[in-house]
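As structure tokens, the structure follows; a few thoughts come after it.
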Amino acid sequence: MPRSQLEGQLVAELGRDWESRLAQFDAAPRAAASIGQVHAALLHDGRQVAMKIQYPGVARSIESDVDNLMRLISIANILPKGMYVESAVKVAKRELALECNYTYEAAAQQRFRSLVAADPELAAVFYVPDVIPELSSQQVLTTEWVNGVTIDKVAELDQATRDLVGSWLLRLTLKELYEWRFMQVRRTY
């Protein structure tokens, strides 16, 4: 997103003084995705952070895109008779709205951080970055910056390491599904 749009989004979400709360901000994105981009920053206390900033208007456009898709499907008459997709569309809209809600994502990440920290075995292996609430909003999520290795790089490691990583990920996933009944799918750690 252009610098002016980035500045506008940060002012709209965090206030005019957003930059004074940082020691440093890198305007060049470190990563970009379909609904936003990630910028590196430095807090006054010396912590490096990642600021995920949503593109303006994304949440509104997703709902209208789903509505337009349903209109096209209806006009083209491509669904079999008797197939009612209204409830599936409602669920899709709700899930896509949550995807655009960084306040919800921050709460989920904080909950997941607490769950992992409360389990000594998992806490010794996994680290969930802390959320920086004073620099987070509906469309900006700021968390600790944590260096790591992406899963595709793990595939290049020796078999023993791949087995170890796989077994720990399986333990975590089973704990999420059957004990916590809460799954955090944003694997940014």
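If you're wondering about the labels, chains in the structure tokens are A, B, ... by order shown, residues count from 1 in each chain, ligands from 1 in order shown.
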
> Which residues, written as a ChimeraX atom specification, have at least one atom at most 8 Å from range 95-106 of chain A, with only C-alpha atoms counted and residues fewer than 2 positions away on the same chain left out?
Replying inline: /A:35,54,58-59,62-63,91-93,108-110,131,136-141

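The residue that comes closest to Val125 in chain A, out of A:Val89, A:Leu69, A:Val165, A:Ile151 and on the basis of only C-alpha atoms, is A:Val165.
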
> When DSSP works through the backbone of this structure, what residues of chain A end up as strand (DSSP E or B), shown as a PyMOL selection string?
Replying inline: chain A and resi 22-25+31-32+36-43+48-54+131+140-144

Atoms to include: C-alpha atoms. Write the selected residues as a PDB file, in the first residue's frame.
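Just written: out_1.pdb:
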ATOM      1  CA  LEU A  22       7.500   3.802  18.568  1.00  0.00           C
ATOM      2  CA  ALA A  23      11.256   4.331  18.577  1.00  0.00           C
ATOM      3  CA  GLN A  24      11.401   3.253  14.937  1.00  0.00           C
ATOM      4  CA  PHE A  25       9.024   2.187  12.157  1.00  0.00           C
ATOM      5  CA  ALA A  31       5.507  -9.348   4.140  1.00  0.00           C
ATOM      6  CA  ALA A  32       2.218  -8.874   2.319  1.00  0.00           C
ATOM      7  CA  GLY A  36      -2.797  -6.569   4.674  1.00  0.00           C
ATOM      8  CA  GLN A  37       0.919  -6.266   5.142  1.00  0.00           C
ATOM      9  CA  VAL A  38       3.442  -6.610   7.966  1.00  0.00           C
ATOM     10  CA  HIS A  39       5.878  -3.889   9.026  1.00  0.00           C
ATOM     11  CA  ALA A  40       8.746  -4.088  11.490  1.00  0.00           C
ATOM     12  CA  ALA A  41       8.995  -1.560  14.296  1.00  0.00           C
ATOM     13  CA  LEU A  42      10.934  -0.958  17.494  1.00  0.00           C
ATOM     14  CA  LEU A  43       9.343  -0.010  20.808  1.00  0.00           C
ATOM     15  CA  GLN A  48      11.130  -5.496  18.135  1.00  0.00           C
ATOM     16  CA  VAL A  49       7.529  -5.826  16.985  1.00  0.00           C
ATOM     17  CA  ALA A  50       5.591  -6.872  13.916  1.00  0.00           C
ATOM     18  CA  MET A  51       2.722  -4.591  12.921  1.00  0.00           C
ATOM     19  CA  LYS A  52       0.127  -6.278  10.716  1.00  0.00           C
ATOM     20  CA  ILE A  53      -1.832  -3.520   8.993  1.00  0.00           C
ATOM     21  CA  GLN A  54      -5.007  -4.271   7.085  1.00  0.00           C
ATOM     22  CA  VAL A 131       0.273  -8.963  21.702  1.00  0.00           C
ATOM     23  CA  VAL A 140      -3.841  -3.230  13.189  1.00  0.00           C
ATOM     24  CA  LEU A 141      -2.297  -6.103  15.138  1.00  0.00           C
ATOM     25  CA  THR A 142       1.040  -5.522  16.831  1.00  0.00           C
ATOM     26  CA  THR A 143       2.924  -8.425  18.376  1.00  0.00           C
ATOM     27  CA  GLU A 144       6.427  -9.240  19.460  1.00  0.00           C
TER      28      GLU A 144
END

>> Between A:Ala27, A:Phe182, A:Arg71, A:Pro56, which residue has the minimum interatomic distance to Ala12 in chain A, considering only C-alpha atoms?
In response: A:Pro56

> A:Ala160, A:Val116, A:Val146, A:Ala123: which is nearest Glu179 in chain A, counting only C-alpha atoms?
Replying inline: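 Smallest distance to Glu179 in chain A is found for A:Val116.
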
>> Let's see if you can do this: from backbone DSSP, list all alpha helix (DSSP H) residues in chain A, as a VMD selection string.
In response: chain A and resid 3 to 14 58 to 76 86 to 99 102 to 117 120 to 123 151 to 154 159 to 174

Could those residues be written to a file, using C-alpha atoms, as a PDB file, in the first residue's frame?
ATOM      1  CA  ARG A   3       2.904   5.393   2.108  1.00  0.00           C
ATOM      2  CA  SER A   4       0.031   7.912   2.267  1.00  0.00           C
ATOM      3  CA  GLN A   5      -2.531   5.111   2.525  1.00  0.00           C
ATOM      4  CA  LEU A   6      -0.410   3.354   5.177  1.00  0.00           C
ATOM      5  CA  GLU A   7      -0.156   6.577   7.209  1.00  0.00           C
ATOM      6  CA  GLY A   8      -3.900   7.153   6.869  1.00  0.00           C
ATOM      7  CA  GLN A   9      -4.693   3.651   8.071  1.00  0.00           C
ATOM      8  CA  LEU A  10      -2.363   3.964  11.079  1.00  0.00           C
ATOM      9  CA  VAL A  11      -3.782   7.368  12.055  1.00  0.00           C
ATOM     10  CA  ALA A  12      -7.362   6.092  11.654  1.00  0.00           C
ATOM     11  CA  GLU A  13      -6.689   2.997  13.764  1.00  0.00           C
ATOM     12  CA  LEU A  14      -4.146   4.153  16.361  1.00  0.00           C
ATOM     13  CA  VAL A  58     -11.035  -4.909   2.950  1.00  0.00           C
ATOM     14  CA  ALA A  59     -13.744  -5.965   5.395  1.00  0.00           C
ATOM     15  CA  ARG A  60     -16.450  -4.083   3.461  1.00  0.00           C
ATOM     16  CA  SER A  61     -15.304  -5.389   0.101  1.00  0.00           C
ATOM     17  CA  ILE A  62     -15.305  -9.039   1.212  1.00  0.00           C
ATOM     18  CA  GLU A  63     -18.985  -8.950   2.160  1.00  0.00           C
ATOM     19  CA  SER A  64     -19.950  -7.274  -1.112  1.00  0.00           C
ATOM     20  CA  ASP A  65     -17.779  -9.767  -3.046  1.00  0.00           C
ATOM     21  CA  VAL A  66     -19.664 -12.682  -1.447  1.00  0.00           C
ATOM     22  CA  ASP A  67     -22.996 -11.002  -2.258  1.00  0.00           C
ATOM     23  CA  ASN A  68     -21.910 -10.438  -5.874  1.00  0.00           C
ATOM     24  CA  LEU A  69     -20.772 -14.053  -6.189  1.00  0.00           C
ATOM     25  CA  MET A  70     -24.155 -15.258  -4.942  1.00  0.00           C
ATOM     26  CA  ARG A  71     -25.922 -12.999  -7.460  1.00  0.00           C
ATOM     27  CA  LEU A  72     -23.829 -14.464 -10.280  1.00  0.00           C
ATOM     28  CA  ILE A  73     -24.518 -18.012  -9.127  1.00  0.00           C
ATOM     29  CA  SER A  74     -28.229 -17.220  -8.941  1.00  0.00           C
ATOM     30  CA  ILE A  75     -28.321 -15.587 -12.381  1.00  0.00           C
ATOM     31  CA  ALA A  76     -26.265 -18.353 -13.983  1.00  0.00           C
ATOM     32  CA  GLU A  86     -28.029 -19.350   2.326  1.00  0.00           C
ATOM     33  CA  SER A  87     -26.802 -20.800   5.627  1.00  0.00           C
ATOM     34  CA  ALA A  88     -23.407 -21.649   4.121  1.00  0.00           C
ATOM     35  CA  VAL A  89     -23.147 -18.073   2.853  1.00  0.00           C
ATOM     36  CA  LYS A  90     -24.017 -16.737   6.330  1.00  0.00           C
ATOM     37  CA  VAL A  91     -21.280 -18.891   7.876  1.00  0.00           C
ATOM     38  CA  ALA A  92     -18.788 -17.837   5.190  1.00  0.00           C
ATOM     39  CA  LYS A  93     -19.573 -14.156   5.779  1.00  0.00           C
ATOM     40  CA  ARG A  94     -19.196 -14.583   9.544  1.00  0.00           C
ATOM     41  CA  GLU A  95     -15.872 -16.420   9.188  1.00  0.00           C
ATOM     42  CA  LEU A  96     -14.516 -13.904   6.672  1.00  0.00           C
ATOM     43  CA  ALA A  97     -15.556 -11.039   8.984  1.00  0.00           C
ATOM     44  CA  LEU A  98     -13.590 -12.679  11.821  1.00  0.00           C
ATOM     45  CA  GLU A  99     -10.608 -12.997   9.478  1.00  0.00           C
ATOM     46  CA  TYR A 102      -7.660  -8.088  14.326  1.00  0.00           C
ATOM     47  CA  THR A 103      -9.158  -7.410  17.777  1.00  0.00           C
ATOM     48  CA  TYR A 104     -10.597 -10.931  17.685  1.00  0.00           C
ATOM     49  CA  GLU A 105      -7.292 -12.295  16.405  1.00  0.00           C
ATOM     50  CA  ALA A 106      -5.394 -10.539  19.214  1.00  0.00           C
ATOM     51  CA  ALA A 107      -7.711 -12.047  21.846  1.00  0.00           C
ATOM     52  CA  ALA A 108      -7.309 -15.512  20.298  1.00  0.00           C
ATOM     53  CA  GLN A 109      -3.529 -15.145  20.244  1.00  0.00           C
ATOM     54  CA  GLN A 110      -3.470 -14.032  23.903  1.00  0.00           C
ATOM     55  CA  ARG A 111      -5.653 -16.974  24.890  1.00  0.00           C
ATOM     56  CA  PHE A 112      -3.431 -19.379  22.967  1.00  0.00           C
ATOM     57  CA  ARG A 113      -0.328 -17.853  24.555  1.00  0.00           C
ATOM     58  CA  SER A 114      -1.821 -18.498  28.005  1.00  0.00           C
ATOM     59  CA  LEU A 115      -2.748 -22.081  27.165  1.00  0.00           C
ATOM     60  CA  VAL A 116       0.731 -22.895  25.862  1.00  0.00           C
ATOM     61  CA  ALA A 117       2.453 -21.150  28.787  1.00  0.00           C
ATOM     62  CA  PRO A 120       5.333 -26.875  30.929  1.00  0.00           C
ATOM     63  CA  GLU A 121       6.142 -29.420  28.189  1.00  0.00           C
ATOM     64  CA  LEU A 122       4.698 -27.294  25.389  1.00  0.00           C
ATOM     65  CA  ALA A 123       6.071 -24.050  26.844  1.00  0.00           C
ATOM     66  CA  ILE A 151       7.832 -25.194   8.091  1.00  0.00           C
ATOM     67  CA  ASP A 152       8.957 -25.482   4.464  1.00  0.00           C
ATOM     68  CA  LYS A 153      12.558 -25.021   5.654  1.00  0.00           C
ATOM     69  CA  VAL A 154      12.080 -27.805   8.210  1.00  0.00           C
ATOM     70  CA  GLN A 159      15.052 -36.916   9.259  1.00  0.00           C
ATOM     71  CA  ALA A 160      15.528 -36.920  13.049  1.00  0.00           C
ATOM     72  CA  THR A 161      14.798 -33.176  13.226  1.00  0.00           C
ATOM     73  CA  ARG A 162      11.772 -33.515  10.944  1.00  0.00           C
ATOM     74  CA  ASP A 163      10.456 -36.363  13.140  1.00  0.00           C
ATOM     75  CA  LEU A 164      10.937 -34.261  16.282  1.00  0.00           C
ATOM     76  CA  VAL A 165       9.181 -31.217  14.806  1.00  0.00           C
ATOM     77  CA  GLY A 166       6.352 -33.409  13.475  1.00  0.00           C
ATOM     78  CA  SER A 167       5.798 -35.126  16.808  1.00  0.00           C
ATOM     79  CA  TRP A 168       5.704 -31.807  18.694  1.00  0.00           C
ATOM     80  CA  LEU A 169       3.268 -30.314  16.184  1.00  0.00           C
ATOM     81  CA  LEU A 170       1.087 -33.412  16.515  1.00  0.00           C
ATOM     82  CA  ARG A 171       1.131 -33.125  20.331  1.00  0.00           C
ATOM     83  CA  LEU A 172       0.148 -29.482  20.107  1.00  0.00           C
ATOM     84  CA  THR A 173      -2.631 -30.159  17.590  1.00  0.00           C
ATOM     85  CA  LEU A 174      -4.102 -33.002  19.662  1.00  0.00           C
TER      86      LEU A 174
END

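Going from CA of Trp145 in chain A to CA of Ser20 in chain A covers 19.2 Å.
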